[in-house]
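Listing of run_10.tsv, TSV, C-alpha atoms
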chain	number	residue	atom	x	y	z
R	3	MET	CA	0.00	0.00	0.00
R	4	SER	CA	1.34	3.42	-0.97
R	5	ALA	CA	1.78	6.48	1.23
R	6	ILE	CA	2.30	10.15	0.42
R	7	GLN	CA	5.45	11.86	1.67
R	8	ILE	CA	5.64	15.66	1.86
R	9	CYS	CA	8.51	17.95	2.79
R	10	GLY	CA	6.83	21.12	3.99
R	11	GLY	CA	7.84	24.72	3.59
R	12	LYS	CA	7.81	24.92	-0.21
R	13	SER	CA	5.63	27.72	-1.57
R	14	LEU	CA	3.23	26.95	-4.42
R	15	CYS	CA	3.27	28.82	-7.70
R	16	GLY	CA	1.62	28.08	-11.05
R	17	GLU	CA	-1.64	26.99	-12.64
R	18	ILE	CA	-3.56	23.78	-11.94
R	19	ARG	CA	-6.21	22.63	-14.39
R	20	ILE	CA	-8.99	21.10	-12.29
R	21	GLN	CA	-10.34	17.62	-13.02
R	22	GLY	CA	-13.98	16.84	-13.74
R	23	SER	CA	-16.38	16.78	-10.81
R	24	LYS	CA	-16.70	13.46	-8.98
R	25	ASN	CA	-19.97	14.47	-7.34
R	26	ALA	CA	-21.47	15.46	-10.70
R	27	VAL	CA	-20.26	12.49	-12.75
R	28	LEU	CA	-21.35	9.67	-10.41
R	29	PRO	CA	-25.10	10.50	-10.52
R	30	MET	CA	-24.82	10.98	-14.29
R	31	MET	CA	-23.42	7.47	-14.57
R	32	ALA	CA	-26.36	6.16	-12.55
R	33	ALA	CA	-28.77	8.16	-14.72
R	34	SER	CA	-27.44	6.47	-17.87
R	35	LEU	CA	-29.44	3.39	-16.78
R	36	LEU	CA	-32.69	5.24	-17.47
R	37	HIS	CA	-32.03	5.09	-21.22
R	38	ARG	CA	-31.72	1.85	-23.17
R	39	GLY	CA	-29.00	3.26	-25.37
R	40	VAL	CA	-25.67	5.11	-25.33
R	41	THR	CA	-24.53	7.90	-23.02
R	42	VAL	CA	-21.21	9.71	-23.48
R	43	ILE	CA	-19.74	11.87	-20.70
R	44	GLU	CA	-16.59	13.96	-21.18
R	45	ASN	CA	-14.23	15.45	-18.58
R	46	VAL	CA	-14.66	12.39	-16.36
R	47	PRO	CA	-12.07	12.19	-13.55
R	48	ILE	CA	-9.92	9.07	-13.46
R	49	ILE	CA	-10.51	8.20	-9.79
R	50	GLN	CA	-11.44	5.18	-7.69
R	51	ASP	CA	-15.10	6.13	-7.22
R	52	VAL	CA	-15.64	6.37	-10.99
R	53	SER	CA	-13.90	3.02	-11.45
R	54	CYS	CA	-16.13	1.53	-8.73
R	55	MET	CA	-19.32	2.84	-10.37
R	56	MET	CA	-18.14	1.51	-13.74
R	57	GLY	CA	-17.64	-1.87	-12.11
R	58	ILE	CA	-21.21	-1.87	-10.75
R	59	LEU	CA	-22.70	-0.84	-14.09
R	60	GLU	CA	-20.71	-3.53	-15.91
R	61	TYR	CA	-21.72	-6.14	-13.34
R	62	ILE	CA	-25.42	-5.50	-13.89
R	63	GLY	CA	-25.09	-5.59	-17.69
R	64	CYS	CA	-23.92	-2.24	-19.09
R	65	LYS	CA	-20.90	-1.84	-21.34
R	66	CYS	CA	-18.51	0.88	-20.21
R	67	MET	CA	-15.48	2.16	-22.07
R	68	MET	CA	-13.18	4.86	-20.70
R	69	LYS	CA	-10.71	6.53	-23.08
R	70	GLU	CA	-8.64	9.23	-21.43
R	71	HIS	CA	-11.37	11.37	-19.80
R	72	THR	CA	-14.29	10.33	-22.00
R	73	LEU	CA	-16.67	7.66	-20.73
R	74	ARG	CA	-19.07	5.78	-23.00
R	75	ILE	CA	-21.88	3.79	-21.34
R	76	ASP	CA	-24.04	1.44	-23.40
R	77	SER	CA	-27.07	0.26	-21.43
R	78	THR	CA	-28.97	-1.09	-24.42
R	79	GLY	CA	-29.07	-4.71	-23.30
R	80	GLU	CA	-30.73	-6.50	-20.42
R	81	VAL	CA	-29.82	-5.14	-17.01
R	82	SER	CA	-29.93	-6.92	-13.68
R	83	TRP	CA	-31.81	-5.12	-10.91
R	84	GLU	CA	-29.78	-6.74	-8.12
R	85	ILE	CA	-26.47	-5.32	-6.91
R	86	PRO	CA	-24.45	-7.43	-4.48
R	87	GLU	CA	-23.58	-5.98	-1.10
R	88	CYS	CA	-19.82	-6.34	-1.67
R	89	ARG	CA	-20.01	-3.78	-4.51
R	90	VAL	CA	-22.41	-1.38	-2.82
R	91	ARG	CA	-20.23	-1.23	0.28
R	92	GLN	CA	-17.36	0.31	-1.68
R	93	MET	CA	-18.88	3.79	-1.94
R	94	ARG	CA	-21.71	5.96	-0.69
R	95	SER	CA	-22.83	7.16	-4.13
R	96	SER	CA	-24.05	3.70	-5.07
R	97	VAL	CA	-27.33	4.46	-3.26
R	98	ILE	CA	-28.50	6.62	-6.20
R	99	LEU	CA	-28.80	3.46	-8.28
R	100	LEU	CA	-32.05	2.79	-6.39
R	101	GLY	CA	-33.94	5.54	-8.20
R	102	ALA	CA	-32.35	4.74	-11.55
R	103	LEU	CA	-33.13	1.00	-11.40
R	104	LEU	CA	-36.68	1.64	-10.23
R	105	GLY	CA	-37.16	4.04	-13.12
R	106	ARG	CA	-35.86	1.50	-15.62
R	107	GLU	CA	-36.70	-1.95	-14.29
R	108	GLY	CA	-39.36	-1.27	-11.67
R	109	ARG	CA	-37.27	-3.16	-9.18
R	110	ALA	CA	-34.00	-2.84	-7.29
R	111	VAL	CA	-32.27	-4.97	-4.70
R	112	THR	CA	-29.22	-3.53	-3.00
R	113	ALA	CA	-27.69	-2.89	0.43
R	114	TYR	CA	-26.95	0.08	2.60
R	115	PRO	CA	-24.04	1.94	0.97
R	116	GLY	CA	-20.49	2.26	2.20
R	117	GLY	CA	-17.92	5.02	1.64
R	118	CYS	CA	-16.13	7.30	4.08
R	119	SER	CA	-16.79	7.16	7.82
R	120	ILE	CA	-17.86	10.78	8.30
R	121	GLY	CA	-21.06	10.21	10.23
R	122	SER	CA	-24.25	8.17	10.17
R	123	ARG	CA	-25.60	9.63	6.89
R	124	PRO	CA	-28.91	7.70	6.97
R	125	ILE	CA	-30.82	7.20	3.72
R	126	ASP	CA	-34.26	7.73	5.26
R	127	PHE	CA	-34.94	10.75	3.03
R	128	HIS	CA	-34.07	8.71	-0.07
R	129	ILE	CA	-36.47	5.95	0.87
R	130	GLN	CA	-39.26	8.34	1.83
R	131	ALA	CA	-38.93	10.14	-1.52
R	132	LEU	CA	-39.10	6.91	-3.52
R	133	LYS	CA	-42.09	5.74	-1.50
R	134	LYS	CA	-43.84	8.99	-2.37
R	135	LEU	CA	-43.32	8.08	-6.03
R	136	GLY	CA	-45.10	4.78	-5.45
R	137	ALA	CA	-42.26	2.39	-4.69
R	138	GLY	CA	-42.72	-0.40	-2.19
R	139	ILE	CA	-39.56	-0.77	-0.11
R	140	LEU	CA	-38.61	-3.56	2.27
R	141	GLU	CA	-35.65	-3.21	4.58
R	142	ASN	CA	-34.21	-6.46	5.91
R	143	GLY	CA	-31.02	-5.96	7.87
R	144	SER	CA	-28.55	-4.39	5.45
R	145	ARG	CA	-30.63	-5.47	2.44
R	146	ILE	CA	-33.01	-3.09	0.63
R	147	GLU	CA	-35.65	-4.36	-1.81
R	148	ALA	CA	-37.63	-1.84	-3.87
R	149	TYR	CA	-40.36	-2.58	-6.38
R	150	THR	CA	-43.12	-0.91	-8.40
R	151	LYS	CA	-45.23	-1.50	-11.50
R	152	ARG	CA	-44.46	2.06	-12.49
R	153	LEU	CA	-43.51	5.10	-10.50
R	154	SER	CA	-46.05	7.94	-10.45
R	155	GLY	CA	-45.53	11.67	-10.03
R	156	ALA	CA	-45.99	13.07	-6.54
R	157	GLU	CA	-45.24	16.05	-4.33
R	158	ILE	CA	-42.10	15.36	-2.32
R	159	TRP	CA	-41.05	17.47	0.65
R	160	LEU	CA	-37.46	17.00	1.79
R	161	PRO	CA	-37.01	18.05	5.45
R	162	PHE	CA	-33.32	18.73	4.68
R	163	PRO	CA	-31.83	19.58	1.26
R	164	SER	CA	-30.06	16.24	0.98
R	165	VAL	CA	-28.02	15.94	-2.23
R	166	GLY	CA	-28.44	12.16	-2.46
R	167	ALA	CA	-32.17	12.20	-1.73
R	168	THR	CA	-32.69	14.91	-4.35
R	169	GLU	CA	-30.75	12.81	-6.87
R	170	ASN	CA	-32.74	9.66	-6.15
R	171	ALA	CA	-36.03	11.57	-6.36
R	172	LEU	CA	-34.96	13.12	-9.67
R	173	LEU	CA	-33.93	9.80	-11.18
R	174	GLY	CA	-37.15	8.17	-10.05
R	175	ALA	CA	-39.31	11.03	-11.35
R	176	VAL	CA	-37.83	11.39	-14.85
R	177	LYS	CA	-39.81	8.46	-16.31
R	178	ALA	CA	-42.60	8.38	-13.74
R	179	LYS	CA	-46.18	8.88	-14.87
R	180	GLY	CA	-47.25	12.50	-14.43
R	181	ARG	CA	-45.69	15.44	-12.64
R	182	THR	CA	-43.36	15.39	-9.65
R	183	VAL	CA	-42.58	18.43	-7.53
R	184	ILE	CA	-39.58	18.24	-5.19
R	185	GLN	CA	-39.80	20.87	-2.45
R	186	GLY	CA	-36.73	21.59	-0.35
R	187	ALA	CA	-34.46	20.17	-3.04
R	188	SER	CA	-30.70	20.53	-2.81
R	189	MET	CA	-29.35	23.53	-4.73
R	190	GLU	CA	-25.79	22.23	-4.97
R	191	PRO	CA	-24.09	22.89	-8.33
R	192	GLU	CA	-23.90	19.13	-8.88
R	193	ILE	CA	-27.72	18.94	-8.82
R	194	LEU	CA	-27.86	21.70	-11.42
R	195	ALA	CA	-25.39	19.73	-13.56
R	196	LEU	CA	-27.48	16.57	-13.20
R	197	CYS	CA	-30.62	18.44	-14.30
R	198	HIS	CA	-28.82	19.76	-17.38
R	199	PHE	CA	-27.54	16.26	-18.12
R	200	LEU	CA	-31.02	14.72	-17.80
R	201	LYS	CA	-32.55	17.43	-19.99
R	202	GLY	CA	-29.94	16.55	-22.61
R	203	MET	CA	-31.33	13.00	-22.50
R	204	GLY	CA	-34.85	14.33	-23.08
R	205	ALA	CA	-36.11	14.78	-19.52
R	206	VAL	CA	-38.53	17.63	-18.82
R	207	ILE	CA	-37.33	19.56	-15.78
R	208	THR	CA	-37.89	23.14	-14.62
R	209	GLY	CA	-36.69	25.00	-11.56
R	210	GLU	CA	-33.15	23.70	-11.72
R	211	GLY	CA	-30.81	25.66	-9.47
R	212	THR	CA	-33.64	26.36	-7.00
R	213	GLY	CA	-35.12	24.48	-4.06
R	214	ARG	CA	-38.26	23.60	-6.05
R	215	LEU	CA	-37.83	21.16	-8.93
R	216	ILE	CA	-40.67	20.23	-11.28
R	217	ILE	CA	-40.31	17.07	-13.35
R	218	ASP	CA	-42.84	15.95	-15.97
R	219	GLY	CA	-42.31	12.28	-16.62
R	220	VAL	CA	-41.51	11.04	-20.14
R	221	GLU	CA	-41.88	7.61	-21.73
R	222	GLU	CA	-38.43	7.37	-23.27
R	223	LEU	CA	-35.08	9.12	-23.21
R	224	GLN	CA	-32.44	9.42	-25.94
R	225	ASP	CA	-28.72	9.02	-26.57
R	226	SER	CA	-26.77	11.96	-25.18
R	227	HIS	CA	-23.35	13.60	-25.02
R	228	PHE	CA	-22.41	15.79	-22.06
R	229	THR	CA	-19.31	17.48	-20.65
R	230	ALA	CA	-19.04	17.38	-16.87
R	231	PRO	CA	-18.10	20.56	-14.98
R	232	GLY	CA	-14.85	21.02	-13.09
R	233	ASP	CA	-14.66	19.80	-9.50
R	234	ARG	CA	-15.22	22.77	-7.17
R	235	ILE	CA	-14.12	20.74	-4.12
R	236	VAL	CA	-10.76	19.85	-5.68
R	237	ALA	CA	-10.35	23.51	-6.67
R	238	GLY	CA	-11.17	24.62	-3.12
R	239	THR	CA	-8.72	22.09	-1.70
R	240	TYR	CA	-5.87	23.45	-3.81
R	241	LEU	CA	-6.71	27.07	-2.95
R	242	ILE	CA	-6.67	26.23	0.76
R	243	ALA	CA	-3.43	24.26	0.32
R	244	ALA	CA	-1.83	27.27	-1.38
R	245	MET	CA	-2.77	29.42	1.62
R	246	ALA	CA	-1.15	26.94	3.99
R	247	ALA	CA	2.04	26.74	1.90
R	248	LYS	CA	1.94	30.40	0.76
R	249	GLY	CA	2.53	31.43	-2.81
R	250	ASN	CA	0.55	32.29	-5.94
R	251	ILE	CA	-1.63	29.78	-7.76
R	252	LYS	CA	-4.41	29.75	-10.32
R	253	VAL	CA	-7.02	27.00	-10.54
R	254	SER	CA	-8.82	26.83	-13.88
R	255	GLY	CA	-11.60	24.87	-15.56
R	256	ILE	CA	-14.19	25.75	-12.92
R	257	VAL	CA	-17.17	28.06	-12.31
R	258	PRO	CA	-15.87	30.69	-9.86
R	259	LYS	CA	-19.29	31.65	-8.44
R	260	GLU	CA	-19.71	28.07	-7.17
R	261	LEU	CA	-16.88	28.79	-4.72
R	262	SER	CA	-18.07	32.22	-3.58
R	263	SER	CA	-18.53	31.17	0.06
R	264	VAL	CA	-15.04	29.65	0.05
R	265	THR	CA	-13.21	32.57	-1.55
R	266	ALA	CA	-14.99	35.03	0.75
R	267	LEU	CA	-13.69	33.14	3.79
R	268	LEU	CA	-10.18	32.87	2.36
R	269	GLU	CA	-10.13	36.62	1.70
R	270	GLU	CA	-11.26	37.23	5.27
R	271	SER	CA	-8.34	35.09	6.38
R	272	GLY	CA	-5.85	37.20	4.42
R	273	ALA	CA	-5.67	35.83	0.88
R	274	GLU	CA	-5.75	38.02	-2.21
R	275	ILE	CA	-8.30	36.53	-4.62
R	276	GLY	CA	-8.79	37.18	-8.34
R	277	LYS	CA	-11.49	35.70	-10.58
R	278	GLY	CA	-12.01	35.25	-14.32
R	279	GLN	CA	-14.56	33.45	-16.46
R	280	ASP	CA	-13.27	29.98	-15.57
R	281	PHE	CA	-10.51	30.49	-13.02
R	282	ILE	CA	-9.68	31.71	-9.52
R	283	SER	CA	-6.25	33.00	-8.55
R	284	LEU	CA	-4.90	33.24	-5.01
R	285	SER	CA	-1.92	35.05	-3.57
R	286	MET	CA	-0.78	34.57	0.03
R	287	ASP	CA	2.55	35.52	1.60
R	288	THR	CA	1.69	35.79	5.31
R	289	ARG	CA	0.33	33.60	8.05
R	290	PRO	CA	-3.49	33.26	7.73
R	291	LYS	CA	-5.75	35.04	10.19
R	292	ALA	CA	-8.12	33.02	12.36
R	293	VAL	CA	-11.77	33.22	11.24
R	294	CYS	CA	-15.06	31.44	11.96
R	295	ALA	CA	-16.66	29.04	9.46
R	296	PHE	CA	-20.07	27.40	9.38
R	297	THR	CA	-20.78	24.53	7.00
R	298	GLY	CA	-24.18	24.01	5.42
R	299	PRO	CA	-26.02	23.22	2.21
R	300	TYR	CA	-25.10	25.29	-0.84
R	301	PRO	CA	-24.52	28.21	-1.06
R	302	ALA	CA	-23.00	27.96	2.45
R	303	PHE	CA	-19.41	26.83	3.05
R	304	PRO	CA	-19.23	23.20	1.84
R	305	THR	CA	-18.80	20.42	4.35
R	306	ASP	CA	-16.40	18.71	1.93
R	307	LEU	CA	-13.91	21.54	2.52
R	308	GLN	CA	-14.30	21.69	6.28
R	309	SER	CA	-11.41	19.29	6.94
R	310	PRO	CA	-8.89	21.14	4.73
R	311	PHE	CA	-10.01	24.43	6.32
R	312	LEU	CA	-9.54	22.89	9.78
R	313	ALA	CA	-5.96	22.11	8.76
R	314	LEU	CA	-5.43	25.69	7.52
R	315	MET	CA	-6.76	27.22	10.73
R	316	SER	CA	-4.41	24.99	12.75
R	317	GLY	CA	-1.60	27.23	11.55
R	318	ALA	CA	-3.51	30.52	11.68
R	319	GLU	CA	-2.84	33.54	13.85
R	320	GLY	CA	-5.39	33.55	16.66
R	321	THR	CA	-8.24	31.25	17.67
R	322	SER	CA	-10.80	30.17	15.11
R	323	ARG	CA	-14.06	28.28	15.29
R	324	ILE	CA	-15.64	25.86	12.82
R	325	GLU	CA	-19.22	24.65	13.15
R	326	GLU	CA	-20.07	21.45	11.24
R	327	ASN	CA	-23.78	21.39	10.38
R	328	VAL	CA	-23.93	18.53	7.86
R	329	PHE	CA	-21.89	15.45	8.88
R	330	GLU	CA	-21.07	14.89	12.52
R	331	GLY	CA	-18.10	12.60	11.79
R	332	ARG	CA	-16.07	15.20	9.91
R	333	TYR	CA	-13.83	15.87	12.91
R	334	GLU	CA	-12.10	12.50	12.84
R	335	THR	CA	-9.13	14.18	11.16
R	336	ALA	CA	-8.59	16.42	14.20
R	337	GLY	CA	-6.78	13.62	16.01
R	338	GLU	CA	-4.32	13.21	13.13
R	339	LEU	CA	-3.71	16.95	12.95
R	340	GLN	CA	-2.96	16.92	16.67
R	341	LYS	CA	-0.09	14.51	15.92
R	342	MET	CA	1.36	17.39	13.88
R	343	GLY	CA	1.02	19.80	16.78
R	344	ALA	CA	-2.43	21.23	16.10
R	345	ASP	CA	-4.30	22.61	19.12
R	346	ILE	CA	-7.90	21.57	18.44
R	347	LYS	CA	-10.74	21.13	20.90
R	348	ILE	CA	-14.01	19.54	19.80
R	349	GLU	CA	-17.26	20.35	21.59
R	350	GLY	CA	-20.24	18.72	19.91
R	351	LYS	CA	-20.46	20.01	16.37
R	352	THR	CA	-17.99	22.84	16.97
R	353	ALA	CA	-14.21	22.83	16.71
R	354	PHE	CA	-12.11	25.47	18.48
R	355	ILE	CA	-8.65	25.85	16.96
R	356	LYS	CA	-5.86	27.76	18.64
R	357	GLY	CA	-3.47	28.44	15.78
R	358	ARG	CA	0.21	27.57	16.06
R	359	LYS	CA	2.98	29.43	14.27
R	360	SER	CA	3.96	26.19	12.63
R	361	LEU	CA	2.92	22.53	12.62
R	362	TYR	CA	5.55	19.81	12.31
R	363	GLY	CA	5.91	16.70	10.22
R	364	ALA	CA	4.63	13.38	11.53
R	365	ILE	CA	3.34	9.98	10.44
R	366	VAL	CA	-0.45	10.25	10.07
R	367	GLU	CA	-3.33	8.33	8.50
R	368	ALA	CA	-6.08	9.47	6.15
R	369	ALA	CA	-9.36	8.55	7.84
R	370	ASP	CA	-11.51	9.58	4.87
R	371	LEU	CA	-11.32	11.28	1.49
R	372	ARG	CA	-11.44	14.95	2.55
R	373	GLY	CA	-9.56	14.22	5.77
R	374	GLY	CA	-6.71	12.89	3.63
R	375	ALA	CA	-6.70	16.12	1.63
R	376	ALA	CA	-6.62	18.04	4.91
R	377	LEU	CA	-3.47	16.21	5.99
R	378	VAL	CA	-1.84	17.10	2.67
R	379	THR	CA	-2.79	20.74	3.30
R	380	ALA	CA	-1.31	20.69	6.81
R	381	ALA	CA	1.87	18.96	5.65
R	382	LEU	CA	2.53	21.55	2.92
R	383	GLY	CA	2.76	24.29	5.52
R	384	ALA	CA	4.46	22.24	8.24
R	385	ASP	CA	8.12	22.07	9.22
R	386	GLY	CA	9.83	18.83	8.26
R	387	VAL	CA	8.59	15.67	6.58
R	388	THR	CA	5.08	14.24	6.86
R	389	ARG	CA	4.10	10.75	5.82
R	390	ILE	CA	0.39	10.15	5.12
R	391	GLU	CA	-0.73	6.52	5.15
R	392	ARG	CA	-4.00	4.86	4.02
R	393	CYS	CA	-4.02	7.14	0.99
R	394	PHE	CA	-6.51	5.00	-0.92
R	395	HIS	CA	-9.12	7.34	0.57
R	396	ILE	CA	-7.55	10.29	-1.26
R	397	GLU	CA	-7.53	8.37	-4.55
R	398	ARG	CA	-11.31	8.07	-4.33
R	399	GLY	CA	-11.73	11.73	-5.24
R	400	TYR	CA	-8.43	13.20	-6.48
R	401	GLU	CA	-6.96	12.03	-9.78
R	402	ASP	CA	-3.38	12.60	-8.69
R	403	ILE	CA	-2.97	15.07	-5.86
R	404	CYS	CA	0.81	14.60	-5.90
R	405	ARG	CA	1.06	15.35	-9.64
R	406	ASP	CA	-1.06	18.49	-9.34
R	407	LEU	CA	0.71	19.98	-6.34
R	408	ARG	CA	4.19	18.97	-7.49
R	409	ALA	CA	3.55	20.88	-10.74
R	410	ALA	CA	2.98	23.96	-8.56
R	411	GLY	CA	6.24	23.49	-6.67
R	412	ALA	CA	5.35	21.20	-3.75
R	413	ASP	CA	7.87	18.62	-2.56
R	414	ILE	CA	5.38	15.75	-2.59
R	415	GLY	CA	5.34	12.20	-3.92
R	416	TRP	CA	4.19	8.64	-3.52
R	417	THR	CA	6.29	6.23	-1.52
R	418	ASP	CA	5.93	2.60	-0.46
R	419	SER	CA	4.18	2.20	2.88
What would the structure in this file look like if it were written as structure tokens?
Amino acid sequence: MSAIQICGGKSLCGEIRIQGSKNAVLPMMAASLLHRGVTVIENVPIIQDVSCMMGILEYIGCKCMMKEHTLRIDSTGEVSWEIPECRVRQMRSSVILLGALLGREGRAVTAYPGGCSIGSRPIDFHIQALKKLGAGILENGSRIEAYTKRLSGAEIWLPFPSVGATENALLGAVKAKGRTVIQGASMEPEILALCHFLKGMGAVITGEGTGRLIIDGVEELQDSHFTAPGDRIVAGTYLIAAMAAKGNIKVSGIVPKELSSVTALLEESGAEIGKGQDFISLSMDTRPKAVCAFTGPYPAFPTDLQSPFLALMSGAEGTSRIEENVFEGRYETAGELQKMGADIKIEGKTAFIKGRKSLYGAIVEAADLRGGAALVTAALGADGVTRIERCFHIERGYEDICRDLRAAGADIGWTDS
């Protein structure tokens, strides 16, 4: 098993072209099941989660071909509606196959999903939404069986703007009979991208980008070709990393307004930010200032960047506070940062961070995807050498974090564990 080794203290300088969005591509891959034909997606990131979803689609009968960053999915043939638990357990996003299989086959058998250990993340909202559309759902231990003759349009109220529940409701509603209205829908940019993708397949959707989605079911969809947006979380990670290491970087291939809450906080902490049509630049030559951050559904500060920001604030001037309002398990990385000298105190959903002038290198472990990225961030600004183990978590969402940061001047690379 490989580890990442980083010698801190090297400033970052240069441009990083951002990979395609993991959180946008995975639901698009699931949505390809709704059409008995060919779907082509460009700008697909070459990461473990995409490989895992390809494996599931191939297992149930689709033909997938990845060439560079273009993915072709042929779901013309017969498709199995049962996904074995061993495959579902590999990643959280597999749960969105429930809505897609119900929309196509009228049946789905799967298990509770796996993925990172960042909290309980129950799928109650997913199941309630699909039941509203007319699905019968039986839960037996870890096994979930869903069935319907045909889904029917309904009014769905989500008590929390869950991204996954919104995705499952959308996928179930696209070919349902009649009109579906999703109230309290997630407004994350990835939901907007999924709506645009589905409309390219022939779905009838209005209200995209708002908390109220209206879907008029159609009988059939069509072959489609779509280019996925850049990954705003990867872009945010690299901007935060550049603040920790100091320097000047530019991240391109993104939609800057999707990171408005992030750049506002980074400016408050001392960074100089510039924006163009598809890029954000950051300049930082001093120690960051301590600030307060509150995670929440879009357009609030994203929970996926809370861990890297926790790492940044560990080296800030003053005492900062971070309130996690989405996933209660996001603070697991705090213990690893403490091995590097971070002064972090957790009280419920709030972290209090007393910034140190400098962290120091240590041997640490990535507990989850974003926690791994946080350790990279901390190591870039730390004194000495840091070794990050269990890096398979990082590979789930970052194509090659070492390649990207090394191109900007970081002393970082893979090493045998």
**Prompt:** Counting all atoms listed in the file, what is within 9 Å of region 162-171 of chain R, bar same-chain residues fewer than 5 positions away, as a ChimeraX atom specification?
**Reply:** /R:29,95,97-102,125-132,135,176,182,184-190,192-193,196,213,299
Go ahead and save the picked residues with C-alpha atoms, as a PDB file, in the coordinates of the input.
ATOM      1  CA  PRO R  29     -25.100  10.500 -10.520  1.00  0.00           C
ATOM      2  CA  SER R  95     -22.830   7.160  -4.130  1.00  0.00           C
ATOM      3  CA  VAL R  97     -27.330   4.460  -3.260  1.00  0.00           C
ATOM      4  CA  ILE R  98     -28.500   6.620  -6.200  1.00  0.00           C
ATOM      5  CA  LEU R  99     -28.800   3.460  -8.280  1.00  0.00           C
ATOM      6  CA  LEU R 100     -32.050   2.790  -6.390  1.00  0.00           C
ATOM      7  CA  GLY R 101     -33.940   5.540  -8.200  1.00  0.00           C
ATOM      8  CA  ALA R 102     -32.350   4.740 -11.550  1.00  0.00           C
ATOM      9  CA  ILE R 125     -30.820   7.200   3.720  1.00  0.00           C
ATOM     10  CA  ASP R 126     -34.260   7.730   5.260  1.00  0.00           C
ATOM     11  CA  PHE R 127     -34.940  10.750   3.030  1.00  0.00           C
ATOM     12  CA  HIS R 128     -34.070   8.710  -0.070  1.00  0.00           C
ATOM     13  CA  ILE R 129     -36.470   5.950   0.870  1.00  0.00           C
ATOM     14  CA  GLN R 130     -39.260   8.340   1.830  1.00  0.00           C
ATOM     15  CA  ALA R 131     -38.930  10.140  -1.520  1.00  0.00           C
ATOM     16  CA  LEU R 132     -39.100   6.910  -3.520  1.00  0.00           C
ATOM     17  CA  LEU R 135     -43.320   8.080  -6.030  1.00  0.00           C
ATOM     18  CA  VAL R 176     -37.830  11.390 -14.850  1.00  0.00           C
ATOM     19  CA  THR R 182     -43.360  15.390  -9.650  1.00  0.00           C
ATOM     20  CA  ILE R 184     -39.580  18.240  -5.190  1.00  0.00           C
ATOM     21  CA  GLN R 185     -39.800  20.870  -2.450  1.00  0.00           C
ATOM     22  CA  GLY R 186     -36.730  21.590  -0.350  1.00  0.00           C
ATOM     23  CA  ALA R 187     -34.460  20.170  -3.040  1.00  0.00           C
ATOM     24  CA  SER R 188     -30.700  20.530  -2.810  1.00  0.00           C
ATOM     25  CA  MET R 189     -29.350  23.530  -4.730  1.00  0.00           C
ATOM     26  CA  GLU R 190     -25.790  22.230  -4.970  1.00  0.00           C
ATOM     27  CA  GLU R 192     -23.900  19.130  -8.880  1.00  0.00           C
ATOM     28  CA  ILE R 193     -27.720  18.940  -8.820  1.00  0.00           C
ATOM     29  CA  LEU R 196     -27.480  16.570 -13.200  1.00  0.00           C
ATOM     30  CA  GLY R 213     -35.120  24.480  -4.060  1.00  0.00           C
ATOM     31  CA  PRO R 299     -26.020  23.220   2.210  1.00  0.00           C
TER      32      PRO R 299
END
Box centre and edge lengths (Å, one decimal), axis-aligned, region 12-27 of chain R plus 5 Å each side, as JSON:
{"center_x": -6.8, "center_y": 20.7, "center_z": -7.3, "size_x": 39.3, "size_y": 26.3, "size_z": 24.2}
**Asked** Quick one: residues within 7 Å of Thr239 (chain R), all atoms listed in the file counted, chain neighbours fewer than 4 positions away excluded, as a ChimeraX atom specification?
**Response** /R:235,243,307,310
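When all atoms listed in the file are used to compute distances to Ile365 (chain R), the closest of the residues R:Leu103, R:Ile390, R:Ala380, R:Val42 turns out to be R:Ile390.
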**Distance in Å - CA of Arg389 (chain R) versus CA of Cys9 (chain R)** = 9.0 Å
Surrounding residues of Asp406 (chain R) excluding itself and chain neighbours under 3 positions, 9 Å, all atoms listed in the file, as a PDB file with C-alpha atoms, keeping the file's coordinate frame:
ATOM      1  CA  ILE R  18      -3.560  23.780 -11.940  1.00  0.00           C
ATOM      2  CA  ARG R  19      -6.210  22.630 -14.390  1.00  0.00           C
ATOM      3  CA  ILE R  20      -8.990  21.100 -12.290  1.00  0.00           C
ATOM      4  CA  TYR R 240      -5.870  23.450  -3.810  1.00  0.00           C
ATOM      5  CA  GLU R 401      -6.960  12.030  -9.780  1.00  0.00           C
ATOM      6  CA  ASP R 402      -3.380  12.600  -8.690  1.00  0.00           C
ATOM      7  CA  ILE R 403      -2.970  15.070  -5.860  1.00  0.00           C
ATOM      8  CA  ALA R 409       3.550  20.880 -10.740  1.00  0.00           C
ATOM      9  CA  ALA R 410       2.980  23.960  -8.560  1.00  0.00           C
ATOM     10  CA  ALA R 412       5.350  21.200  -3.750  1.00  0.00           C
TER      11      ALA R 412
END
**Asked** What is the distance between CA of Gly374 (chain R) and CA of Ile396 (chain R), in Å to one decimal?
**Response** 5.6 Å
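From CA of Leu241 (chain R) back to CA of Gly10 (chain R), the distance works out to 16.3 Å.
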**Message:** Report as a PyMOL selection string all protein, DNA and RNA residues lying within 10 Å of Ile324 (chain R), evaluated on all atoms listed in the file, omitting residues in the same chain fewer than 4 positions from it.
**Reply:** chain R and resi 293-297+308-309+311-312+315+348+351-355
Restricted to C-alpha atoms, what would the selected residues look like written as a short mmCIF file (atom, residue, chain, number, x, y, z; two decimals), keeping the file's coordinate frame?
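So result_3.cif came out as:
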data_model
loop_
_atom_site.label_atom_id
_atom_site.label_comp_id
_atom_site.auth_asym_id
_atom_site.auth_seq_id
_atom_site.Cartn_x
_atom_site.Cartn_y
_atom_site.Cartn_z
CA VAL R 293 -11.77 33.22 11.24
CA CYS R 294 -15.06 31.44 11.96
CA ALA R 295 -16.66 29.04 9.46
CA PHE R 296 -20.07 27.40 9.38
CA THR R 297 -20.78 24.53 7.00
CA GLN R 308 -14.30 21.69 6.28
CA SER R 309 -11.41 19.29 6.94
CA PHE R 311 -10.01 24.43 6.32
CA LEU R 312 -9.54 22.89 9.78
CA MET R 315 -6.76 27.22 10.73
CA ILE R 348 -14.01 19.54 19.80
CA LYS R 351 -20.46 20.01 16.37
CA THR R 352 -17.99 22.84 16.97
CA ALA R 353 -14.21 22.83 16.71
CA PHE R 354 -12.11 25.47 18.48
CA ILE R 355 -8.65 25.85 16.96
#
